[in-house]
Amino acid sequence: MIIRLFRYYRKIKKNHIEEKQLQTVLDYLSKNKQLSIIDLGFNIGAIYNRIRQVNKTSQYYGFEIQSDLVNKARQINDEYFSIIHGAATDRDGHIDFYEPKSWSKNYKGGATIMGGKNNLSETPISVPSIDLSNWIENHSDGGHKYFIKIDIEGAEYDLLENLINKNSLKHIKSVAIEWHCSKLGEENEAKFLARKNLIKLALWEAGVDYFEWF
Amino acid sequence: MVSLKQTLKDGYSLLRYLEHMRVAKISLSGNVIDLCAKSESERYFSFIDMSGVEKIEFCDILPLSENVLQINLEKPFNIKDNSYDHVMYFNVLEHIYNYQNVILESYRILKTDGECHCIIPFMWHYHGDTDDFNRFTHTALYRKYKDVGFENVEIWPIGGGFWTLIANLITLKITVWWLKYAIIQSCMFLENIAQRIYGKRLNFALGYYVRAVK
């Protein structure tokens with residue numbers, strides 16, 4: 001009973017922190033309407049809806065790997081919005097992703113191309129793989145810059161290292177990233193934590209505005 | 001079978017018990033060198049799966065038998081490249097001022113796909129044997145092993161919870177084994193509750209086990 005109470009208290013506290021983090025990003029985007037938005041891990045568009053409340057005219061690109069969610073997103077009536085069916089990664093082609101054994105509180109959240117993540121099904125599903133670095137290069141005429149929300153369940157490390165190595169940060173003004181250091185196996189936490197810190201350093205050196213995501 | 005009671009009765013610490021629990025999951029094969037033992041009489045050999053070992057060698061600054069090589073860990077080893085399937089050194093890296101030499105040389109003498117096994121204390125008191133120089137976080141260890149060329153580096157925390165650390169510190173000052181046992185069990189109970197509330201947090205590792213594959 002006491003443990004449940006503690007857990008409940010922690011859950012409330014976590015929700016409060018997450019809302020605060022989201023509000024920080026929304027404030028930022030309301031002041032930076034010239035930025036195009038890339039939403040990696042679009043899901044049902046909960047974040048899209050929140051962002052559209054403060055910023056209605058930014059070009060908005062949602063990336064989603066689950067086809068049913070993509071079909072739902074295609075019904076959104078917004079001339080500045082595009083949904084892209086595929087995984088934003090460090091290579092073009094095709095890639096397998098895995099759904100979780102059970103869905104989390106986020107509707108159909110948790111599907112990932114990271115096969116080593118905890119509690120995933122063993123059945124791979126093939127999906128187009130899009131090298132985000134190439135994609136940004138091809139969509140950056142006119143010199144406009146991007147805000148990228150990255151919630152891709154552990155695939156953020158390869159993706160961001162590729163953006164850094166291919167010098168694509170020059171097109172990126174700001175990022176909000178959810179990290180998954182502790183969800184890819186206890187023995188790999190050091191690896192992903194070390195890579196996270198090197199990526200954050202590179203973002204800082206490149207002058208990219210950084211936000212923690214949840 | 002690793003036993004907490006027996007470990008304490010034999011005068012060893014909680015850290016040593018947890019190390020042995022980790023060591024019991026190691027499986028060695030082919031040609032092996034232990035850089036910190038003079039013979040198989042070291043206690044941890046009774047827990048390691050040695051069934052696939054063809055040859056094992058040891059080292060010492062002043063060797064007294066044939067399968068004990070003369071090696072000064074502070075300097076390049078007098079061993080050919082690509083000689084071993086497994087290189088191991090437990091509780092030794094903290095005593096080597098030129099620790100980079102040990103990591104670099106262990107990489108050099110390993111065959112391709114060979115494995116390096118290292119245990120190093122973290123939350124542990126100064127212990128001069130002959131001197132004590134180094135404590136590394138898990139992320140630092142990851143980068144040090146990656147930097148010399150190891151392909152895959154996995155790092156497991158040994159212990160890691162707050163109450164495990166408390167148990168270890170308190171029992172260091174106690175000589176009666178059953179009192180140590182009672183304190184450790186009480187702290188493990190608290191650790192269990194804390195993990196159920198806060199999740200598995202391993203910020204207070206007593207040590208780390210590194211498995212690095214060439």
# chains A, B, ... in the order shown; residues from 1 in each chain; ligands from 1
>>> residues_around(residues="Gly149 in chain B", least_positions_apart="6", cutoff="12 Å", atoms="only C-alpha atoms", output="list in words")
Ile103, Leu104, Glu105, Ser106, Tyr107, Arg108, Leu110, Thr112, Asp113, Tyr142, Arg143, Ala212, Val213 and Lys214 of chain B
>>> write_last_selection(atoms="N, CA and C atoms", output="CSV table (one decimal), in the first residue's frame")
chain,number,residue,atom,x,y,z
B,103,ILE,N,45.0,-1.7,-20.9
B,103,ILE,CA,43.8,-1.8,-21.8
B,103,ILE,C,44.4,-2.0,-23.3
B,104,LEU,N,45.4,-1.2,-23.6
B,104,LEU,CA,45.9,-1.3,-25.0
B,104,LEU,C,46.6,-2.6,-25.2
B,105,GLU,N,47.4,-3.1,-24.3
B,105,GLU,CA,48.1,-4.3,-24.4
B,105,GLU,C,47.2,-5.5,-24.4
B,106,SER,N,46.1,-5.4,-23.6
B,106,SER,CA,45.2,-6.6,-23.6
B,106,SER,C,44.5,-6.6,-25.0
B,107,TYR,N,44.2,-5.5,-25.6
B,107,TYR,CA,43.6,-5.5,-26.9
B,107,TYR,C,44.6,-6.1,-27.9
B,108,ARG,N,45.9,-5.7,-27.8
B,108,ARG,CA,46.9,-6.2,-28.8
B,108,ARG,C,47.1,-7.7,-28.7
B,110,LEU,N,45.0,-10.0,-27.7
B,110,LEU,CA,43.8,-10.8,-28.0
B,110,LEU,C,43.7,-11.1,-29.4
B,112,THR,N,41.3,-11.8,-32.8
B,112,THR,CA,40.1,-11.2,-33.3
B,112,THR,C,38.9,-12.0,-32.7
B,113,ASP,N,37.9,-11.3,-32.2
B,113,ASP,CA,36.7,-11.9,-31.5
B,113,ASP,C,37.1,-12.3,-30.1
B,142,TYR,N,33.7,2.7,-20.7
B,142,TYR,CA,33.2,2.4,-22.1
B,142,TYR,C,34.1,3.1,-23.1
B,143,ARG,N,34.4,4.4,-22.8
B,143,ARG,CA,35.1,5.2,-23.8
B,143,ARG,C,36.6,4.7,-23.9
B,212,ALA,N,34.8,-6.8,-23.0
B,212,ALA,CA,35.1,-6.1,-24.2
B,212,ALA,C,35.5,-7.1,-25.3
B,213,VAL,N,34.9,-7.0,-26.5
B,213,VAL,CA,35.2,-8.0,-27.5
B,213,VAL,C,36.0,-7.3,-28.6
B,214,LYS,N,37.2,-7.9,-29.0
B,214,LYS,CA,38.0,-7.3,-30.0
B,214,LYS,C,37.4,-7.5,-31.4
>>> select_by_dssp(residues="range 10-186 of chain A", states="strand (DSSP E or B)", output="ChimeraX atom specification")
/A:36-40,60-64,81-85,87-89,93-98,100,112,120,125-131,146-150,172-177
>>> write_last_selection(atoms="N, CA and C atoms", output="short mmCIF file (atom, residue, chain, number, x, y, z; two decimals), in the first residue's frame")
data_model
loop_
_atom_site.label_atom_id
_atom_site.label_comp_id
_atom_site.auth_asym_id
_atom_site.auth_seq_id
_atom_site.Cartn_x
_atom_site.Cartn_y
_atom_site.Cartn_z
N SER A 36 10.83 25.13 -39.47
CA SER A 36 10.06 23.97 -39.89
C SER A 36 10.21 22.91 -38.81
N ILE A 37 9.19 22.10 -38.65
CA ILE A 37 9.19 21.13 -37.55
C ILE A 37 9.25 19.71 -38.10
N ILE A 38 10.15 18.92 -37.55
CA ILE A 38 10.21 17.50 -37.88
C ILE A 38 9.87 16.74 -36.61
N ASP A 39 8.86 15.90 -36.70
CA ASP A 39 8.38 15.15 -35.53
C ASP A 39 8.68 13.66 -35.76
N LEU A 40 9.75 13.19 -35.13
CA LEU A 40 10.14 11.78 -35.30
C LEU A 40 9.46 10.96 -34.20
N TYR A 60 5.22 21.29 -41.09
CA TYR A 60 5.31 20.23 -40.06
C TYR A 60 5.41 18.88 -40.76
N TYR A 61 6.53 18.16 -40.51
CA TYR A 61 6.74 16.83 -41.10
C TYR A 61 6.70 15.79 -39.98
N GLY A 62 5.76 14.88 -40.06
CA GLY A 62 5.70 13.80 -39.08
C GLY A 62 6.25 12.52 -39.69
N PHE A 63 7.12 11.83 -38.96
CA PHE A 63 7.64 10.52 -39.38
C PHE A 63 7.03 9.46 -38.48
N GLU A 64 6.51 8.41 -39.07
CA GLU A 64 5.89 7.36 -38.26
C GLU A 64 6.13 6.01 -38.95
N PHE A 81 1.06 20.43 -43.28
CA PHE A 81 1.45 19.17 -42.62
C PHE A 81 1.66 18.04 -43.63
N SER A 82 2.73 17.26 -43.41
CA SER A 82 2.97 16.06 -44.23
C SER A 82 3.31 14.91 -43.29
N ILE A 83 2.78 13.74 -43.58
CA ILE A 83 3.16 12.55 -42.82
C ILE A 83 4.03 11.67 -43.72
N ILE A 84 5.09 11.13 -43.16
CA ILE A 84 6.01 10.30 -43.94
C ILE A 84 6.05 8.91 -43.31
N HIS A 85 5.73 7.91 -44.10
CA HIS A 85 5.73 6.54 -43.58
C HIS A 85 7.15 5.99 -43.69
N ALA A 87 11.08 5.06 -41.14
CA ALA A 87 11.91 5.29 -39.95
C ALA A 87 13.01 6.26 -40.33
N ALA A 88 13.13 7.35 -39.57
CA ALA A 88 14.24 8.27 -39.79
C ALA A 88 15.47 7.63 -39.15
N THR A 89 16.48 7.35 -39.99
CA THR A 89 17.66 6.63 -39.50
C THR A 89 18.92 7.26 -40.08
N GLY A 93 16.86 2.95 -47.51
CA GLY A 93 16.57 1.57 -47.87
C GLY A 93 15.37 1.06 -47.11
N HIS A 94 15.52 -0.14 -46.53
CA HIS A 94 14.47 -0.69 -45.69
C HIS A 94 15.07 -1.15 -44.37
N ILE A 95 14.25 -1.18 -43.34
CA ILE A 95 14.74 -1.61 -42.03
C ILE A 95 13.59 -2.30 -41.28
N ASP A 96 13.94 -3.24 -40.41
CA ASP A 96 12.91 -3.92 -39.62
C ASP A 96 12.63 -3.15 -38.33
N PHE A 97 11.38 -3.12 -37.95
CA PHE A 97 11.07 -2.60 -36.61
C PHE A 97 10.26 -3.63 -35.84
N TYR A 98 10.16 -3.44 -34.54
CA TYR A 98 9.50 -4.39 -33.65
C TYR A 98 8.48 -3.65 -32.78
N PRO A 100 6.15 -3.43 -29.30
CA PRO A 100 6.29 -3.93 -27.92
C PRO A 100 5.30 -5.08 -27.66
N THR A 112 9.89 0.14 -32.25
CA THR A 112 11.24 0.65 -32.50
C THR A 112 12.02 -0.24 -33.45
N LEU A 120 10.20 -6.39 -26.29
CA LEU A 120 9.73 -6.29 -27.66
C LEU A 120 9.29 -7.65 -28.18
N ILE A 125 8.95 -6.23 -38.61
CA ILE A 125 8.08 -5.65 -39.64
C ILE A 125 8.94 -4.69 -40.47
N SER A 126 8.94 -4.90 -41.77
CA SER A 126 9.79 -4.08 -42.64
C SER A 126 9.14 -2.72 -42.90
N VAL A 127 9.98 -1.69 -42.94
CA VAL A 127 9.48 -0.33 -43.14
C VAL A 127 10.56 0.45 -43.92
N PRO A 128 10.15 1.43 -44.73
CA PRO A 128 11.17 2.23 -45.42
C PRO A 128 12.09 2.94 -44.41
N SER A 129 13.38 2.94 -44.72
CA SER A 129 14.35 3.61 -43.87
C SER A 129 14.82 4.86 -44.60
N ILE A 130 14.77 5.98 -43.91
CA ILE A 130 15.09 7.27 -44.55
C ILE A 130 16.29 7.89 -43.83
N ASP A 131 17.35 8.11 -44.58
CA ASP A 131 18.53 8.79 -44.01
C ASP A 131 18.13 10.25 -43.77
N TYR A 146 15.38 23.88 -39.01
CA TYR A 146 14.44 22.92 -38.44
C TYR A 146 14.49 22.87 -36.90
N PHE A 147 13.34 22.59 -36.35
CA PHE A 147 13.23 22.08 -34.97
C PHE A 147 12.88 20.60 -35.11
N ILE A 148 13.61 19.73 -34.41
CA ILE A 148 13.33 18.29 -34.51
C ILE A 148 12.97 17.73 -33.14
N LYS A 149 11.82 17.10 -33.07
CA LYS A 149 11.44 16.35 -31.87
C LYS A 149 11.78 14.88 -32.12
N ILE A 150 12.58 14.30 -31.22
CA ILE A 150 13.07 12.94 -31.45
C ILE A 150 12.60 12.03 -30.31
N ILE A 172 19.91 22.67 -38.57
CA ILE A 172 19.06 22.42 -37.40
C ILE A 172 19.25 23.54 -36.37
N LYS A 173 18.15 24.16 -36.01
CA LYS A 173 18.21 25.24 -35.02
C LYS A 173 18.02 24.69 -33.60
N SER A 174 17.18 23.67 -33.49
CA SER A 174 16.87 23.18 -32.14
C SER A 174 16.38 21.73 -32.17
N VAL A 175 16.59 21.03 -31.05
CA VAL A 175 16.14 19.63 -30.94
C VAL A 175 15.54 19.39 -29.55
N ALA A 176 14.56 18.52 -29.51
CA ALA A 176 14.03 18.02 -28.23
C ALA A 176 14.15 16.51 -28.30
N ILE A 177 14.89 15.93 -27.36
CA ILE A 177 15.24 14.51 -27.48
C ILE A 177 14.83 13.72 -26.24
#
>>> closest_residue(among="A:Cys181, A:Ala206, A:Leu201, A:Ile152", to="chain B", atoms="only C-alpha atoms")
A:Cys181
>>> interface_residues(of="chain B", to="chain A", cutoff="7 Å", atoms="only C-alpha atoms", output="list in words")
His138, Thr139, Tyr142, Glu154, Ile155, Trp156 and Ile197 of chain B
>>> write_last_selection(atoms="N, CA and C atoms", output="PDB file, in the first residue's frame")
ATOM      1  N   HIS B 138      31.213   4.181 -15.293  1.00  0.00           N
ATOM      2  CA  HIS B 138      30.957   3.224 -16.371  1.00  0.00           C
ATOM      3  C   HIS B 138      31.108   3.855 -17.752  1.00  0.00           C
ATOM      4  N   THR B 139      30.749   5.147 -17.865  1.00  0.00           N
ATOM      5  CA  THR B 139      30.875   5.796 -19.175  1.00  0.00           C
ATOM      6  C   THR B 139      32.354   6.019 -19.523  1.00  0.00           C
ATOM      7  N   TYR B 142      33.687   2.722 -20.688  1.00  0.00           N
ATOM      8  CA  TYR B 142      33.216   2.432 -22.051  1.00  0.00           C
ATOM      9  C   TYR B 142      34.111   3.137 -23.070  1.00  0.00           C
ATOM     10  N   GLU B 154      30.622  -4.075 -23.180  1.00  0.00           N
ATOM     11  CA  GLU B 154      29.466  -4.164 -22.279  1.00  0.00           C
ATOM     12  C   GLU B 154      29.956  -3.967 -20.852  1.00  0.00           C
ATOM     13  N   ILE B 155      29.195  -3.223 -20.089  1.00  0.00           N
ATOM     14  CA  ILE B 155      29.619  -2.934 -18.716  1.00  0.00           C
ATOM     15  C   ILE B 155      28.464  -3.204 -17.760  1.00  0.00           C
ATOM     16  N   TRP B 156      28.682  -4.112 -16.827  1.00  0.00           N
ATOM     17  CA  TRP B 156      27.662  -4.421 -15.835  1.00  0.00           C
ATOM     18  C   TRP B 156      28.056  -3.790 -14.497  1.00  0.00           C
ATOM     19  N   ILE B 197       9.884   1.191  -5.717  1.00  0.00           N
ATOM     20  CA  ILE B 197       9.336   2.557  -5.792  1.00  0.00           C
ATOM     21  C   ILE B 197       9.991   3.345  -6.927  1.00  0.00           C
TER      22      ILE B 197
END
>>> residues_around(residues="Ile44 in chain A", least_positions_apart="2", cutoff="12 Å", atoms="only C-alpha atoms", output="count of residues only")
29
>>> atom_distance(atom1="CA of Glu153 in chain A", atom2="CA of Gly110 in chain A")
6.2 Å
>>> closest_atom_pairs(of="range 60-162 of chain B", to="range 32-43 of chain B", cutoff="10 Å", atoms="only C-alpha atoms", output="tab-separated table")
residue	atom	partner	partner_atom	distance
B:Asp60	CA	B:Lys38	CA	6.2
B:Ile61	CA	B:Lys38	CA	9.8
B:Leu62	CA	B:Lys38	CA	9.9
B:Pro63	CA	B:Lys38	CA	8.0
B:Leu64	CA	B:Lys38	CA	8.9
B:Ser65	CA	B:Lys38	CA	9.1
B:Asn67	CA	B:Ser39	CA	8.6
B:Val68	CA	B:Lys38	CA	6.5
B:Leu69	CA	B:Lys38	CA	9.0
B:Ile71	CA	B:Leu35	CA	8.3
B:Asn72	CA	B:Leu35	CA	9.7
B:Leu73	CA	B:Leu35	CA	8.0
B:Ser83	CA	B:Val32	CA	8.9
B:Tyr84	CA	B:Val32	CA	5.7
B:Asp85	CA	B:Val32	CA	5.9
B:His86	CA	B:Val32	CA	4.8
B:Val87	CA	B:Ile33	CA	5.1
B:Met88	CA	B:Asp34	CA	4.8
B:Tyr89	CA	B:Leu35	CA	5.1
B:Phe90	CA	B:Cys36	CA	6.6
B:Asn91	CA	B:Cys36	CA	7.9
B:Val92	CA	B:Cys36	CA	6.4
B:Leu93	CA	B:Cys36	CA	9.4
B:Val102	CA	B:Leu35	CA	9.0
B:Ser106	CA	B:Leu35	CA	9.1
B:Ile109	CA	B:Ile33	CA	9.7
B:Leu110	CA	B:Val32	CA	9.4
B:Gly114	CA	B:Val32	CA	9.7
B:Glu115	CA	B:Val32	CA	9.6
B:Cys116	CA	B:Ile33	CA	9.8
B:His117	CA	B:Asp34	CA	9.4
B:Cys118	CA	B:Leu35	CA	9.9
>>> closest_residue(among="A:Asp151, A:Glu156, A:Glu212, A:Glu205", to="Asn43 in chain A", atoms="only C-alpha atoms")
A:Asp151
>>> select_by_dssp(residues="range 100-143 of chain B", states="helix (DSSP H, G or I)", output="ChimeraX atom specification")
/B:100-109,138-143
>>> write_last_selection(atoms="C-alpha atoms", output="PDB file, in the first residue's frame")
ATOM      1  CA  GLN B 100      46.041   2.725 -20.522  1.00  0.00           C
ATOM      2  CA  ASN B 101      48.903   0.314 -21.089  1.00  0.00           C
ATOM      3  CA  VAL B 102      46.882  -2.596 -19.672  1.00  0.00           C
ATOM      4  CA  ILE B 103      43.829  -1.802 -21.829  1.00  0.00           C
ATOM      5  CA  LEU B 104      45.928  -1.257 -24.959  1.00  0.00           C
ATOM      6  CA  GLU B 105      48.105  -4.320 -24.433  1.00  0.00           C
ATOM      7  CA  SER B 106      45.165  -6.558 -23.606  1.00  0.00           C
ATOM      8  CA  TYR B 107      43.645  -5.494 -26.937  1.00  0.00           C
ATOM      9  CA  ARG B 108      46.890  -6.213 -28.774  1.00  0.00           C
ATOM     10  CA  ILE B 109      47.430  -9.712 -27.381  1.00  0.00           C
ATOM     11  CA  HIS B 138      30.957   3.224 -16.371  1.00  0.00           C
ATOM     12  CA  THR B 139      30.875   5.796 -19.175  1.00  0.00           C
ATOM     13  CA  ALA B 140      34.589   6.492 -18.767  1.00  0.00           C
ATOM     14  CA  LEU B 141      35.329   2.761 -18.922  1.00  0.00           C
ATOM     15  CA  TYR B 142      33.216   2.432 -22.051  1.00  0.00           C
ATOM     16  CA  ARG B 143      35.136   5.173 -23.831  1.00  0.00           C
TER      17      ARG B 143
END
>>> atom_distance(atom1="CA of Ile120 in chain B", atom2="CA of Tyr208 in chain B")
5.5 Å
>>> closest_residue(among="B:Phe204, B:Val210, B:Ile26, B:Gln195", to="Asn152 in chain B", atoms="only C-alpha atoms")
B:Val210
>>> residues_around(residues="Gly143 in chain A", least_positions_apart="6", cutoff="10 Å", atoms="only C-alpha atoms", output="list in words")
Glu137, Lys170 and His171 of chain A
>>> write_last_selection(atoms="C-alpha atoms", output="PDB file, in the first residue's frame")
ATOM      1  CA  GLU A 137      19.727  18.242 -47.321  1.00  0.00           C
ATOM      2  CA  LYS A 170      23.915  23.506 -39.862  1.00  0.00           C
ATOM      3  CA  HIS A 171      20.286  23.040 -40.936  1.00  0.00           C
TER       4      HIS A 171
END
>>> closest_residue(among="B:Asn192, B:Asn31, B:Ser13, B:Thr137", to="Ala167 in chain B", atoms="only C-alpha atoms")
B:Ser13
>>> atom_distance(atom1="CA of Ser46 in chain B", atom2="CA of Ile166 in chain B")
28.1 Å
>>> decode(residues="range 130-146 of chain B", atoms="N, CA and C atoms", output="mmCIF file, in the first residue's frame")
data_model
loop_
_atom_site.group_PDB
_atom_site.id
_atom_site.type_symbol
_atom_site.label_atom_id
_atom_site.label_comp_id
_atom_site.auth_asym_id
_atom_site.auth_seq_id
_atom_site.Cartn_x
_atom_site.Cartn_y
_atom_site.Cartn_z
ATOM 1 N N THR B 130 50.075 -2.374 -4.639
ATOM 2 C CA THR B 130 50.963 -1.600 -3.792
ATOM 3 C C THR B 130 50.516 -0.137 -3.649
ATOM 4 N N ASP B 131 49.780 0.337 -4.609
ATOM 5 C CA ASP B 131 49.181 1.661 -4.479
ATOM 6 C C ASP B 131 47.833 1.624 -5.190
ATOM 7 N N ASP B 132 47.057 2.651 -4.992
ATOM 8 C CA ASP B 132 45.688 2.678 -5.522
ATOM 9 C C ASP B 132 45.491 4.011 -6.233
ATOM 10 N N PHE B 133 45.302 3.981 -7.562
ATOM 11 C CA PHE B 133 45.295 5.222 -8.338
ATOM 12 C C PHE B 133 43.949 5.583 -8.975
ATOM 13 N N ASN B 134 43.161 4.584 -9.351
ATOM 14 C CA ASN B 134 42.072 4.870 -10.295
ATOM 15 C C ASN B 134 40.691 4.409 -9.847
ATOM 16 N N ARG B 135 39.686 5.262 -10.095
ATOM 17 C CA ARG B 135 38.275 4.890 -10.063
ATOM 18 C C ARG B 135 37.653 5.479 -11.321
ATOM 19 N N PHE B 136 36.927 4.673 -12.057
ATOM 20 C CA PHE B 136 36.306 5.158 -13.286
ATOM 21 C C PHE B 136 34.803 4.943 -13.256
ATOM 22 N N THR B 137 34.056 5.898 -13.808
ATOM 23 C CA THR B 137 32.621 5.679 -14.008
ATOM 24 C C THR B 137 32.427 4.687 -15.162
ATOM 25 N N HIS B 138 31.213 4.181 -15.293
ATOM 26 C CA HIS B 138 30.957 3.224 -16.371
ATOM 27 C C HIS B 138 31.108 3.855 -17.752
ATOM 28 N N THR B 139 30.749 5.147 -17.865
ATOM 29 C CA THR B 139 30.875 5.796 -19.175
ATOM 30 C C THR B 139 32.354 6.019 -19.523
ATOM 31 N N ALA B 140 33.153 6.325 -18.513
ATOM 32 C CA ALA B 140 34.589 6.492 -18.767
ATOM 33 C C ALA B 140 35.192 5.152 -19.210
ATOM 34 N N LEU B 141 34.805 4.084 -18.537
ATOM 35 C CA LEU B 141 35.329 2.761 -18.922
ATOM 36 C C LEU B 141 34.931 2.431 -20.356
ATOM 37 N N TYR B 142 33.687 2.722 -20.688
ATOM 38 C CA TYR B 142 33.216 2.432 -22.051
ATOM 39 C C TYR B 142 34.111 3.137 -23.070
ATOM 40 N N ARG B 143 34.355 4.412 -22.848
ATOM 41 C CA ARG B 143 35.136 5.173 -23.831
ATOM 42 C C ARG B 143 36.591 4.739 -23.866
ATOM 43 N N LYS B 144 37.148 4.381 -22.702
ATOM 44 C CA LYS B 144 38.552 3.947 -22.678
ATOM 45 C C LYS B 144 38.742 2.650 -23.470
ATOM 46 N N TYR B 145 37.792 1.731 -23.350
ATOM 47 C CA TYR B 145 37.904 0.464 -24.098
ATOM 48 C C TYR B 145 37.580 0.664 -25.571
ATOM 49 N N LYS B 146 36.628 1.495 -25.883
ATOM 50 C CA LYS B 146 36.305 1.769 -27.288
ATOM 51 C C LYS B 146 37.466 2.477 -27.978
#
